[in-house]
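Peer 1: Sharing a structure below in structure tokens format, with a few things to ask.
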Amino acid sequence: MKFLFAAVPQWYPVSPYLAGGLLAGQLKAHGFDADTYDFNVEFFNDILTKDYALECLEKARAFSSCDVIEESQYTDDINEKRIKTAQLRQKIIDDYFKYDNGRGGTVIEELEYSVRVLKDKELFYDPEKLFRAKDVINSALDIASLPFAPSRIMLDNFIANGIMTYDFSDVDYQCKHEDMNMFLPYFVKKLKSLDLSAYDYIGLSITDLSQLVPGLTLARLLKKHTNAKIGIGGNYIFKVEADMKNIPEIFSEYCDYLSIGDGETAVVELAEYIAGKRAIEDVHSLVYRDEKGNVCTNERAPLLNLEKVAFPDFDAYDFSKYFSPETVIPVQLGKGCYWGKCSFCDFYTGQQKFDIKSVMRAVDEVEYLAKKYGAKHFTFVDEAVPPKIYNEFAKEIIKRGIEIYYYSFARLEKGFTPEVLKNLYDSGARFFMWGYEAESERIMKLINKGIDLSLRKKILADARDAGLWNLCTFLLCYPTETAEELQSTIDVIYDHDLVNTCTPSNFALKKNAILKDNASSVGITDFAENGELHISYKYHALTQTMEEVKKKRNSFEKKYLEDTADRLWAHTFTESDFLLMYLAKYGRDYVKDYRLKYRRK
């Protein structure tokens, strides 16, 4: 019996997924054989080459929308979308070559060196080389996207074809047609180079919407071309469970099982079932189709005993393949959010009620992983850890003399006193991702953040004085937010002494958010499905449309990126690992004060 847990594109390819290592660790602790494989990092290594970029340029030059004709086997709706896609692709390709001015050739020549910059310790820590290399790689990914436009692959996102919807019929079509899906030809070729015959079960984790098309594409190929049972889990799957269960093709063509919610207990039970030691009805948190074709949903797994969860196992990962010179190990200190009442949030979806490991158990895990993998850099992938527990954790790290550097999410709670923040810095914390959200007190009450708003800036100032970097997340254009209220938030974002990095998001009405059941309270008049497999609704509001919200956010972001172009990480969604490494090596002031020479106006 052998199990494989695979990570799928698209995710930032800097460090290994926690999910695969965590589940492999549980199975190994119970006597099963388990491996992990990162298709995501393989994907980026394979496409970020000179040869692949040249191939994509040639495909783009050869493309003609005239070749796309109506075919009788497709529905009128699909035919119309195919033609619109081809026309838009032609425009994107034509515009690229019109305005390229030889840039593409330069990018291709510099590409492989740029990849080396991200992986080489000496080159990486030269900010001029690093940021130029990132720009080259981003440009190379634009080239890789051309034959599949308007879909677009980036290091930090995959933007699917906007002409297609998130209804299953459209997603299914993309998964089966190479002209609509850059991952399909890649996976077909990749799977020919891999021997997966030894595996009885292959589990895929789909955590985010950006992984839906690539994840299902891979799942379908694995189900078709291997003898393994195919399971799909991840936080995203929990959010669309109700819709997934009503799609018969999911179980006939894409997988055998859906794993819902936390998998540490359920995965061991599933292994016991596959080994013939347990009935399938007794596997918690499993959705499957029985012999009569009925979709069955088993009882949810009981609450985990976090003290007994095995340490994650990253043995099968080749750390040299990641786009980073040093490994950042993900660790989860607890489950859920101890507040869990923010109206817009759906992070908690799929998690059990809040629980956290004991300080000794948490520090034991970090110490074990640091020694086993020679790692000094960690990310704690928790929604929030109470300041009191973080303080005890920090003091135990200091007491044991463990030399690490780390970052995590945190709430701007009054418990983060100057003393606690100093202990955190001394234990290796280098920044926190604080949920600032909005400056307006009225908006914050609607959001129901549950913090003392008068203390937010003081906590940020105390964190700064302790040597910590402040990365703040902001939620722009919450329903009923006025132009003046939005500007007050933007003014905070531009306070670079307190807010060193901003991560802005625009409001979206999530399917699993608390606000869904009280949307009229913020002027949302009605909402509807945005496609069966989308995690947000389409909505109408009294004050602003979804399109206006996007436009405002994009307008702010464009100006902010221009204003801060020569700063290091003034704005980021995904480069937290890079930021951690720079702060660990150079300190807060160096990163704050450095200005990129090649980006200066």
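By order in the structure tokens, chains are A, B, ...; within a chain, residues start at 1; ligands start at 1, following the order shown.
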So that I can see what lies close to A:Thr545, please list as a list in words the residues with an atom at most 12 Å from it, counting only C-alpha atoms and leaving out residues fewer than 4 positions away in the same chain.
Peer 2: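 Those residues are Cys477, Tyr478, Pro479, Thr480, Phe507, Ala508, Gly523, Ile524, Thr525, Asp526, Phe527, Lys538, Tyr539, His540, Ala541, Val549, Lys550, Lys551 and Lys552 of chain A.
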Peer 1: Restricted to N, CA, C and O atoms, what would the selected residues look like written as a short mmCIF file (atom, residue, chain, number, x, y, z; two decimals), in the first residue's frame?
Peer 2:
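New file result33.cif:
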data_model
loop_
_atom_site.label_atom_id
_atom_site.label_comp_id
_atom_site.auth_asym_id
_atom_site.auth_seq_id
_atom_site.Cartn_x
_atom_site.Cartn_y
_atom_site.Cartn_z
N CYS A 477 -13.28 49.26 -0.21
CA CYS A 477 -14.61 49.35 -0.84
C CYS A 477 -15.62 48.40 -0.21
O CYS A 477 -16.43 47.77 -0.91
N TYR A 478 -15.59 48.29 1.11
CA TYR A 478 -16.64 47.55 1.80
C TYR A 478 -17.97 48.23 1.49
O TYR A 478 -18.03 49.45 1.37
N PRO A 479 -19.06 47.48 1.33
CA PRO A 479 -20.33 48.09 0.96
C PRO A 479 -20.69 49.27 1.86
O PRO A 479 -20.54 49.19 3.09
N THR A 480 -21.14 50.33 1.24
CA THR A 480 -21.52 51.63 1.83
C THR A 480 -20.33 52.52 2.16
O THR A 480 -20.51 53.63 2.63
N PHE A 507 -13.51 44.23 -1.64
CA PHE A 507 -14.59 43.45 -1.03
C PHE A 507 -15.18 42.46 -2.03
O PHE A 507 -15.40 42.77 -3.19
N ALA A 508 -15.41 41.25 -1.55
CA ALA A 508 -16.14 40.24 -2.30
C ALA A 508 -17.10 39.56 -1.33
O ALA A 508 -16.76 39.33 -0.16
N GLY A 523 -26.46 47.23 2.58
CA GLY A 523 -26.94 47.78 1.32
C GLY A 523 -26.84 46.86 0.13
O GLY A 523 -26.97 47.30 -1.02
N ILE A 524 -26.57 45.58 0.35
CA ILE A 524 -26.56 44.62 -0.76
C ILE A 524 -28.01 44.19 -1.01
O ILE A 524 -28.65 43.57 -0.14
N THR A 525 -28.52 44.54 -2.16
CA THR A 525 -29.94 44.33 -2.44
C THR A 525 -30.25 42.90 -2.86
O THR A 525 -31.32 42.37 -2.56
N ASP A 526 -29.33 42.27 -3.60
CA ASP A 526 -29.51 40.87 -3.98
C ASP A 526 -28.19 40.30 -4.43
O ASP A 526 -27.26 41.04 -4.78
N PHE A 527 -28.10 38.98 -4.38
CA PHE A 527 -26.88 38.32 -4.85
C PHE A 527 -27.24 36.97 -5.45
O PHE A 527 -28.32 36.42 -5.17
N LYS A 538 -22.09 36.99 -7.21
CA LYS A 538 -22.35 38.25 -7.89
C LYS A 538 -23.37 39.00 -7.03
O LYS A 538 -24.31 38.37 -6.51
N TYR A 539 -23.20 40.30 -6.89
CA TYR A 539 -24.15 41.01 -6.03
C TYR A 539 -24.44 42.40 -6.59
O TYR A 539 -23.70 42.95 -7.40
N HIS A 540 -25.55 42.98 -6.13
CA HIS A 540 -25.89 44.36 -6.41
C HIS A 540 -25.99 45.10 -5.08
O HIS A 540 -26.54 44.57 -4.11
N ALA A 541 -25.44 46.28 -5.05
CA ALA A 541 -25.49 47.09 -3.83
C ALA A 541 -26.03 48.47 -4.14
O ALA A 541 -25.98 48.93 -5.29
N VAL A 549 -16.25 48.64 -7.61
CA VAL A 549 -15.34 48.23 -6.54
C VAL A 549 -14.00 47.83 -7.12
O VAL A 549 -12.93 48.26 -6.66
N LYS A 550 -14.03 46.99 -8.17
CA LYS A 550 -12.79 46.55 -8.81
C LYS A 550 -12.02 47.72 -9.40
O LYS A 550 -10.79 47.80 -9.30
N LYS A 551 -12.74 48.62 -10.03
CA LYS A 551 -12.10 49.78 -10.66
C LYS A 551 -11.41 50.66 -9.63
O LYS A 551 -10.28 51.12 -9.83
N LYS A 552 -12.06 50.89 -8.50
CA LYS A 552 -11.46 51.71 -7.44
C LYS A 552 -10.21 51.05 -6.88
O LYS A 552 -9.19 51.71 -6.67
#
Peer 1: Quick one: residues within 12 Å of A:Tyr586, only C-alpha atoms, excluding same-chain residues fewer than 5 positions away - as a short mmCIF file (atom, residue, chain, number, x, y, z; two decimals) with N, CA and C atoms, in the first residue's frame?
Peer 2:
data_model
loop_
_atom_site.label_atom_id
_atom_site.label_comp_id
_atom_site.auth_asym_id
_atom_site.auth_seq_id
_atom_site.Cartn_x
_atom_site.Cartn_y
_atom_site.Cartn_z
N TYR A 125 20.56 37.84 -2.39
CA TYR A 125 20.64 38.90 -1.39
C TYR A 125 21.21 40.21 -1.94
N ASP A 126 21.33 40.30 -3.24
CA ASP A 126 21.60 41.59 -3.90
C ASP A 126 20.26 42.08 -4.43
N PRO A 127 19.67 43.11 -3.79
CA PRO A 127 18.31 43.51 -4.19
C PRO A 127 18.19 43.96 -5.64
N ARG A 430 10.01 38.37 12.67
CA ARG A 430 10.53 39.53 11.93
C ARG A 430 9.40 40.37 11.34
N GLY A 467 11.56 46.48 16.43
CA GLY A 467 12.36 46.00 15.30
C GLY A 467 11.57 45.22 14.28
N LEU A 579 10.54 38.42 1.87
CA LEU A 579 10.62 39.51 2.84
C LEU A 579 11.23 39.02 4.15
N LEU A 580 10.80 37.85 4.61
CA LEU A 580 11.36 37.28 5.83
C LEU A 580 12.86 37.09 5.71
N MET A 581 13.31 36.54 4.59
CA MET A 581 14.74 36.27 4.43
C MET A 581 15.56 37.57 4.45
N VAL A 591 15.89 47.25 4.88
CA VAL A 591 14.84 46.96 3.92
C VAL A 591 13.95 48.18 3.73
N LYS A 592 13.66 48.89 4.80
CA LYS A 592 12.80 50.07 4.72
C LYS A 592 13.44 51.20 3.92
N ASP A 593 14.72 51.41 4.08
CA ASP A 593 15.39 52.57 3.49
C ASP A 593 15.98 52.32 2.12
N TYR A 594 16.11 51.06 1.72
CA TYR A 594 16.74 50.77 0.43
C TYR A 594 15.84 51.25 -0.71
#
Peer 1: Give me the residues within 10 Å of A:Pro386 as a PDB file with N, CA, C and O atoms, in the first residue's frame, counting only C-alpha atoms and dropping any in the same chain fewer than 6 places off.
Peer 2:
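Final file, out.pdb:
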ATOM      1  N   CYS A 337      -9.811  30.286  13.959  1.00  0.00           N
ATOM      2  CA  CYS A 337      -9.541  31.647  14.425  1.00  0.00           C
ATOM      3  C   CYS A 337     -10.242  31.844  15.756  1.00  0.00           C
ATOM      4  O   CYS A 337     -11.428  31.520  15.898  1.00  0.00           O
ATOM      5  N   TYR A 338      -9.534  32.377  16.746  1.00  0.00           N
ATOM      6  CA  TYR A 338     -10.128  32.518  18.069  1.00  0.00           C
ATOM      7  C   TYR A 338     -11.191  33.613  18.124  1.00  0.00           C
ATOM      8  O   TYR A 338     -11.994  33.664  19.056  1.00  0.00           O
ATOM      9  N   TRP A 339     -11.249  34.495  17.104  1.00  0.00           N
ATOM     10  CA  TRP A 339     -12.325  35.468  17.008  1.00  0.00           C
ATOM     11  C   TRP A 339     -13.419  34.909  16.097  1.00  0.00           C
ATOM     12  O   TRP A 339     -14.536  34.677  16.522  1.00  0.00           O
ATOM     13  N   ILE A 356      -5.627  25.090  19.840  1.00  0.00           N
ATOM     14  CA  ILE A 356      -4.214  25.375  19.596  1.00  0.00           C
ATOM     15  C   ILE A 356      -3.346  24.399  20.379  1.00  0.00           C
ATOM     16  O   ILE A 356      -3.740  23.910  21.457  1.00  0.00           O
ATOM     17  N   ALA A 410      -1.642  38.042  12.465  1.00  0.00           N
ATOM     18  CA  ALA A 410      -1.972  38.408  13.841  1.00  0.00           C
ATOM     19  C   ALA A 410      -3.051  39.477  13.834  1.00  0.00           C
ATOM     20  O   ALA A 410      -3.185  40.232  12.872  1.00  0.00           O
ATOM     21  N   ARG A 411      -3.803  39.529  14.912  1.00  0.00           N
ATOM     22  CA  ARG A 411      -4.813  40.559  15.093  1.00  0.00           C
ATOM     23  C   ARG A 411      -4.225  41.698  15.921  1.00  0.00           C
ATOM     24  O   ARG A 411      -3.402  41.469  16.811  1.00  0.00           O
ATOM     25  N   GLU A 413      -4.448  43.192  18.585  1.00  0.00           N
ATOM     26  CA  GLU A 413      -5.020  43.068  19.916  1.00  0.00           C
ATOM     27  C   GLU A 413      -4.185  43.822  20.942  1.00  0.00           C
ATOM     28  O   GLU A 413      -2.958  43.896  20.831  1.00  0.00           O
ATOM     29  N   GLY A 415      -3.274  42.864  23.668  1.00  0.00           N
ATOM     30  CA  GLY A 415      -2.305  41.980  24.307  1.00  0.00           C
ATOM     31  C   GLY A 415      -0.927  42.037  23.686  1.00  0.00           C
ATOM     32  O   GLY A 415       0.050  41.558  24.285  1.00  0.00           O
ATOM     33  N   PHE A 416      -0.804  42.612  22.488  1.00  0.00           N
ATOM     34  CA  PHE A 416       0.521  42.786  21.873  1.00  0.00           C
ATOM     35  C   PHE A 416       1.149  44.056  22.443  1.00  0.00           C
ATOM     36  O   PHE A 416       1.205  45.104  21.810  1.00  0.00           O
TER      37      PHE A 416
END
Peer 1: As a ChimeraX atom specification, please: the residues near stretch 455-463 of chain A (cut-off 8 Å, only C-alpha atoms, same-chain neighbours under 3 positions excluded).
Peer 2: /A:412-414,416-418,421-422,436,452,466-470,498-499
Peer 1: Using only all heavy atoms, please write the residues we just selected to a file, as a short mmCIF file (atom, residue, chain, number, x, y, z; two decimals), in the first residue's frame.
Peer 2:
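The new file again_17.cif reads:
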data_model
loop_
_atom_site.label_atom_id
_atom_site.label_comp_id
_atom_site.auth_asym_id
_atom_site.auth_seq_id
_atom_site.Cartn_x
_atom_site.Cartn_y
_atom_site.Cartn_z
N LEU A 412 -4.64 42.91 15.65
CA LEU A 412 -4.12 44.07 16.37
C LEU A 412 -4.79 44.16 17.74
O LEU A 412 -5.58 45.05 18.04
CB LEU A 412 -4.35 45.33 15.54
CG LEU A 412 -3.40 45.49 14.34
CD1 LEU A 412 -3.95 46.50 13.34
CD2 LEU A 412 -2.01 45.90 14.81
N GLU A 413 -4.45 43.19 18.58
CA GLU A 413 -5.02 43.07 19.92
C GLU A 413 -4.18 43.82 20.94
O GLU A 413 -2.96 43.90 20.83
CB GLU A 413 -5.06 41.59 20.32
CG GLU A 413 -5.88 40.69 19.41
CD GLU A 413 -7.33 40.63 19.84
OE1 GLU A 413 -7.77 41.49 20.63
OE2 GLU A 413 -8.03 39.72 19.35
N LYS A 414 -4.87 44.31 21.99
CA LYS A 414 -4.17 45.06 23.04
C LYS A 414 -3.14 44.20 23.77
O LYS A 414 -2.21 44.72 24.40
CB LYS A 414 -5.17 45.62 24.05
CG LYS A 414 -5.99 44.57 24.78
CD LYS A 414 -7.01 45.23 25.69
CE LYS A 414 -7.85 44.19 26.43
NZ LYS A 414 -8.87 44.83 27.30
N PHE A 416 -0.80 42.61 22.49
CA PHE A 416 0.52 42.79 21.87
C PHE A 416 1.15 44.06 22.44
O PHE A 416 1.21 45.10 21.81
CB PHE A 416 0.41 42.84 20.35
CG PHE A 416 0.19 41.49 19.72
CD1 PHE A 416 -1.04 41.16 19.17
CD2 PHE A 416 1.21 40.55 19.69
CE1 PHE A 416 -1.25 39.91 18.58
CE2 PHE A 416 1.02 39.30 19.12
CZ PHE A 416 -0.22 38.97 18.57
N THR A 417 1.61 43.95 23.68
CA THR A 417 2.24 45.06 24.39
C THR A 417 3.69 45.21 23.94
O THR A 417 4.24 44.30 23.29
CB THR A 417 2.21 44.80 25.90
OG1 THR A 417 3.01 43.61 26.16
CG2 THR A 417 0.79 44.57 26.39
N PRO A 418 4.33 46.32 24.28
CA PRO A 418 5.75 46.46 23.93
C PRO A 418 6.61 45.30 24.43
O PRO A 418 7.52 44.84 23.73
CB PRO A 418 6.14 47.78 24.59
CG PRO A 418 4.87 48.57 24.61
CD PRO A 418 3.78 47.56 24.86
N LEU A 421 5.90 42.22 22.19
CA LEU A 421 6.49 42.42 20.86
C LEU A 421 8.01 42.28 20.90
O LEU A 421 8.61 41.74 19.98
CB LEU A 421 6.08 43.78 20.32
CG LEU A 421 4.57 43.91 19.99
CD1 LEU A 421 4.19 45.37 19.82
CD2 LEU A 421 4.22 43.12 18.75
N LYS A 422 8.62 42.75 21.98
CA LYS A 422 10.08 42.61 22.13
C LYS A 422 10.45 41.13 22.28
O LYS A 422 11.43 40.65 21.67
CB LYS A 422 10.55 43.40 23.35
CG LYS A 422 12.06 43.32 23.61
CD LYS A 422 12.86 44.01 22.51
CE LYS A 422 14.31 44.25 22.92
NZ LYS A 422 15.05 43.05 23.33
N TYR A 436 -5.53 45.25 9.36
CA TYR A 436 -5.95 46.62 9.66
C TYR A 436 -7.33 46.89 9.04
O TYR A 436 -8.16 47.55 9.63
CB TYR A 436 -4.92 47.61 9.11
CG TYR A 436 -5.02 48.99 9.73
CD1 TYR A 436 -4.15 49.38 10.75
CD2 TYR A 436 -5.98 49.89 9.31
CE1 TYR A 436 -4.24 50.63 11.33
CE2 TYR A 436 -6.09 51.16 9.88
CZ TYR A 436 -5.21 51.52 10.89
OH TYR A 436 -5.31 52.76 11.47
N ASP A 452 -9.92 46.93 19.68
CA ASP A 452 -9.97 48.33 20.12
C ASP A 452 -9.30 49.18 19.04
O ASP A 452 -8.08 49.18 18.90
CB ASP A 452 -9.24 48.47 21.46
CG ASP A 452 -9.39 49.87 22.06
OD1 ASP A 452 -9.65 50.83 21.29
OD2 ASP A 452 -9.22 50.01 23.28
N ALA A 466 10.09 47.71 18.31
CA ALA A 466 10.69 46.43 18.71
C ALA A 466 11.57 45.85 17.61
O ALA A 466 12.26 44.85 17.83
CB ALA A 466 9.59 45.44 19.08
N GLY A 467 11.56 46.48 16.43
CA GLY A 467 12.36 46.00 15.30
C GLY A 467 11.57 45.22 14.28
O GLY A 467 12.13 44.72 13.30
N LEU A 468 10.25 45.09 14.49
CA LEU A 468 9.41 44.30 13.59
C LEU A 468 8.97 45.12 12.39
O LEU A 468 8.80 46.34 12.46
CB LEU A 468 8.18 43.79 14.34
CG LEU A 468 8.43 42.75 15.43
CD1 LEU A 468 7.23 42.65 16.36
CD2 LEU A 468 8.74 41.39 14.82
N TRP A 469 8.76 44.44 11.30
CA TRP A 469 8.21 45.01 10.08
C TRP A 469 6.68 44.86 10.15
O TRP A 469 6.17 43.83 10.60
CB TRP A 469 8.76 44.23 8.90
CG TRP A 469 8.40 44.70 7.52
CD1 TRP A 469 7.34 44.33 6.78
CD2 TRP A 469 9.16 45.60 6.71
NE1 TRP A 469 7.37 44.93 5.55
CE2 TRP A 469 8.49 45.73 5.48
CE3 TRP A 469 10.34 46.31 6.89
CZ2 TRP A 469 8.95 46.53 4.44
CZ3 TRP A 469 10.81 47.11 5.87
CH2 TRP A 469 10.12 47.22 4.65
N ASN A 470 5.95 45.86 9.70
CA ASN A 470 4.49 45.79 9.72
C ASN A 470 3.94 45.59 8.31
O ASN A 470 4.01 46.49 7.47
CB ASN A 470 3.90 47.08 10.30
CG ASN A 470 4.18 47.22 11.79
OD1 ASN A 470 4.13 46.25 12.53
ND2 ASN A 470 4.46 48.43 12.22
N LEU A 498 4.63 53.47 9.63
CA LEU A 498 3.86 52.47 10.37
C LEU A 498 3.53 51.26 9.51
O LEU A 498 3.58 50.12 9.98
CB LEU A 498 2.55 53.08 10.90
CG LEU A 498 2.64 54.03 12.08
CD1 LEU A 498 1.24 54.45 12.51
CD2 LEU A 498 3.37 53.39 13.26
N VAL A 499 3.16 51.51 8.27
CA VAL A 499 2.77 50.43 7.35
C VAL A 499 3.90 50.23 6.35
O VAL A 499 4.04 50.99 5.40
CB VAL A 499 1.45 50.76 6.63
CG1 VAL A 499 1.08 49.63 5.66
CG2 VAL A 499 0.32 50.99 7.63
#
Peer 1: Looking only at strand (DSSP E or B) from DSSP on the backbone, list the matching residues of stretch 468-574 of chain A as number ranges by chain.
Peer 2: A: 469-476, 501-506, 510, 524-529, 536-541, 567, 571
Peer 1: Could you name the residues that touch A:Cys175 at 9 Å or less, counting only C-alpha atoms, but leaving out those on the same chain fewer than 4 positions away, as JSON, numbers by chain?
Peer 2: {"A": [170, 171, 180, 181, 183, 184, 213, 214, 216, 217, 218, 220]}
Peer 1: Can you pull out every residue within 7 Å of stretch 35-41 of chain A, counting only C-alpha atoms, but drop anything in the same chain fewer than 4 positions away, and send it as a VMD selection string?
Peer 2: chain A and resid 3 to 11 13 20 to 21 24 45 316 to 317 321 to 322
Peer 1: So, with only C-alpha atoms as the atoms that count, which of A:Ser210, A:Ser205, A:Thr327, A:Thr564 lies closest to A:Arg599?
Peer 2: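 Checking each candidate against A:Arg599, we get A:Thr564 as the closest.
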Peer 1: Considering only C-alpha atoms, return as a PyMOL selection string whatever protein or nucleic-acid residues lie within 9 Å of A:Lys516, sequence-local ones (same chain, fewer than 5 positions apart) excluded.
Peer 2: chain A and resi 343-344+509-511+527
Peer 1: Those residues you just picked out, can you put them in a file as a short mmCIF file (atom, residue, chain, number, x, y, z; two decimals), in the first residue's frame with all heavy atoms?
Peer 2:
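Everything below was put into out13.cif:
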data_model
loop_
_atom_site.label_atom_id
_atom_site.label_comp_id
_atom_site.auth_asym_id
_atom_site.auth_seq_id
_atom_site.Cartn_x
_atom_site.Cartn_y
_atom_site.Cartn_z
N SER A 343 -17.21 39.76 9.45
CA SER A 343 -18.37 39.53 8.58
C SER A 343 -17.99 39.09 7.17
O SER A 343 -18.73 38.34 6.53
CB SER A 343 -19.22 40.80 8.51
OG SER A 343 -18.46 41.87 7.96
N PHE A 344 -16.84 39.53 6.67
CA PHE A 344 -16.45 39.24 5.28
C PHE A 344 -15.68 37.95 5.12
O PHE A 344 -15.49 37.46 4.01
CB PHE A 344 -15.58 40.38 4.73
CG PHE A 344 -14.24 40.48 5.43
CD1 PHE A 344 -13.15 39.75 4.99
CD2 PHE A 344 -14.07 41.29 6.53
CE1 PHE A 344 -11.92 39.82 5.64
CE2 PHE A 344 -12.85 41.38 7.18
CZ PHE A 344 -11.77 40.64 6.74
N LEU A 509 -18.28 39.25 -1.80
CA LEU A 509 -19.27 38.57 -0.96
C LEU A 509 -19.06 37.06 -1.10
O LEU A 509 -19.43 36.44 -2.09
CB LEU A 509 -20.69 38.95 -1.37
CG LEU A 509 -21.82 38.33 -0.55
CD1 LEU A 509 -21.70 38.71 0.92
CD2 LEU A 509 -23.18 38.71 -1.10
N LYS A 510 -18.42 36.47 -0.09
CA LYS A 510 -18.07 35.05 -0.14
C LYS A 510 -19.27 34.17 0.20
O LYS A 510 -20.09 34.51 1.04
CB LYS A 510 -16.93 34.78 0.85
CG LYS A 510 -15.68 35.63 0.65
CD LYS A 510 -14.94 35.24 -0.61
CE LYS A 510 -13.67 36.05 -0.80
NZ LYS A 510 -12.66 35.81 0.22
N LYS A 511 -19.30 33.02 -0.43
CA LYS A 511 -20.40 32.08 -0.20
C LYS A 511 -20.51 31.65 1.26
O LYS A 511 -21.60 31.40 1.76
CB LYS A 511 -20.20 30.81 -1.05
CG LYS A 511 -20.63 30.94 -2.50
CD LYS A 511 -20.48 29.59 -3.20
CE LYS A 511 -20.97 29.64 -4.64
NZ LYS A 511 -20.82 28.34 -5.31
N PHE A 527 -28.10 38.98 -4.38
CA PHE A 527 -26.88 38.32 -4.85
C PHE A 527 -27.24 36.97 -5.45
O PHE A 527 -28.32 36.42 -5.17
CB PHE A 527 -25.85 38.16 -3.72
CG PHE A 527 -26.35 37.43 -2.50
CD1 PHE A 527 -26.25 36.05 -2.41
CD2 PHE A 527 -26.91 38.13 -1.44
CE1 PHE A 527 -26.69 35.38 -1.28
CE2 PHE A 527 -27.36 37.47 -0.31
CZ PHE A 527 -27.24 36.09 -0.22
#
Peer 1: One decimal, in Å: what's the spacing between atom CA of A:Asn227 and atom CA of A:Asp208?
Peer 2: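 About the pair atom CA of A:Asn227 and atom CA of A:Asp208: they are 26.9 Å apart.
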Peer 1: Taking only C-alpha atoms into account, produce a table as a tab-separated table in which each residue of stretch 567-589 of chain A with an atom at most 12 Å from an atom of stretch 360-380 of chain A appears once, together with its shortest atom pair and the distance in Å to one decimal, ordered by chain and rising number.
Peer 2:
residue	atom	partner	partner_atom	distance
A:Glu575	CA	A:Thr379	CA	12.0
A:Ser576	CA	A:Thr379	CA	8.9
A:Asp577	CA	A:Thr379	CA	7.8
A:Phe578	CA	A:His377	CA	10.4
A:Leu579	CA	A:His377	CA	11.1
A:Leu580	CA	A:His377	CA	7.7
A:Met581	CA	A:His377	CA	7.4
A:Tyr582	CA	A:His377	CA	11.1
A:Leu583	CA	A:His377	CA	11.0
A:Ala584	CA	A:His377	CA	8.6
A:Lys585	CA	A:His377	CA	11.1
Peer 1: Include N, CA, C and O atoms and write out the residues we just selected as a compact mmCIF listing (two decimals), in the first residue's frame.
Peer 2:
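Writing the result to result-v9.txt gives the following:
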# COMPACT_ATOMS: atom_id res chain seq x y z
N GLU A 575 4.92 37.47 -1.53
CA GLU A 575 6.37 37.37 -1.37
C GLU A 575 6.81 37.48 0.09
O GLU A 575 7.88 37.99 0.40
N SER A 576 5.99 36.97 0.98
CA SER A 576 6.30 37.05 2.40
C SER A 576 7.58 36.28 2.75
O SER A 576 8.33 36.70 3.64
N ASP A 577 7.81 35.15 2.08
CA ASP A 577 9.01 34.37 2.37
C ASP A 577 10.27 35.17 2.01
O ASP A 577 11.26 35.17 2.76
N PHE A 578 10.25 35.83 0.86
CA PHE A 578 11.39 36.66 0.47
C PHE A 578 11.62 37.78 1.47
O PHE A 578 12.75 38.08 1.86
N LEU A 579 10.54 38.42 1.87
CA LEU A 579 10.62 39.51 2.84
C LEU A 579 11.23 39.02 4.15
O LEU A 579 12.09 39.68 4.73
N LEU A 580 10.80 37.85 4.61
CA LEU A 580 11.36 37.28 5.83
C LEU A 580 12.86 37.09 5.71
O LEU A 580 13.62 37.44 6.63
N MET A 581 13.31 36.54 4.59
CA MET A 581 14.74 36.27 4.43
C MET A 581 15.56 37.57 4.45
O MET A 581 16.63 37.63 5.05
N TYR A 582 15.05 38.59 3.79
CA TYR A 582 15.75 39.88 3.78
C TYR A 582 15.77 40.53 5.16
O TYR A 582 16.79 41.09 5.59
N LEU A 583 14.66 40.45 5.86
CA LEU A 583 14.62 41.03 7.21
C LEU A 583 15.53 40.27 8.15
O LEU A 583 16.19 40.86 9.02
N ALA A 584 15.59 38.95 8.00
CA ALA A 584 16.46 38.13 8.85
C ALA A 584 17.92 38.46 8.59
O ALA A 584 18.75 38.48 9.52
N LYS A 585 18.27 38.72 7.34
CA LYS A 585 19.67 38.98 6.99
C LYS A 585 20.08 40.43 7.25
O LYS A 585 21.16 40.71 7.80
Peer 1: For atom CA of A:Phe158 and atom CA of A:Tyr288, determine how far apart the two atoms are, in Å to one decimal place.
Peer 2: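 Taking atom CA of A:Phe158 as the start and atom CA of A:Tyr288 as the end point, the length is 28.8 Å.
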Peer 1: Have a look at atom CA of A:Gly293 and atom CA of A:Thr75 and let me know their distance in Å, one decimal.
Peer 2: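 Computed distance, atom CA of A:Gly293 to atom CA of A:Thr75, equals 27.1 Å.
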Peer 1: Considering only C-alpha atoms, state which residue in the set A:Glu42, A:Asp315, A:Asp67, A:Asp142 is at the smallest distance from A:Tyr186.
Peer 2: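 Selected residue with least distance to A:Tyr186: A:Glu42.
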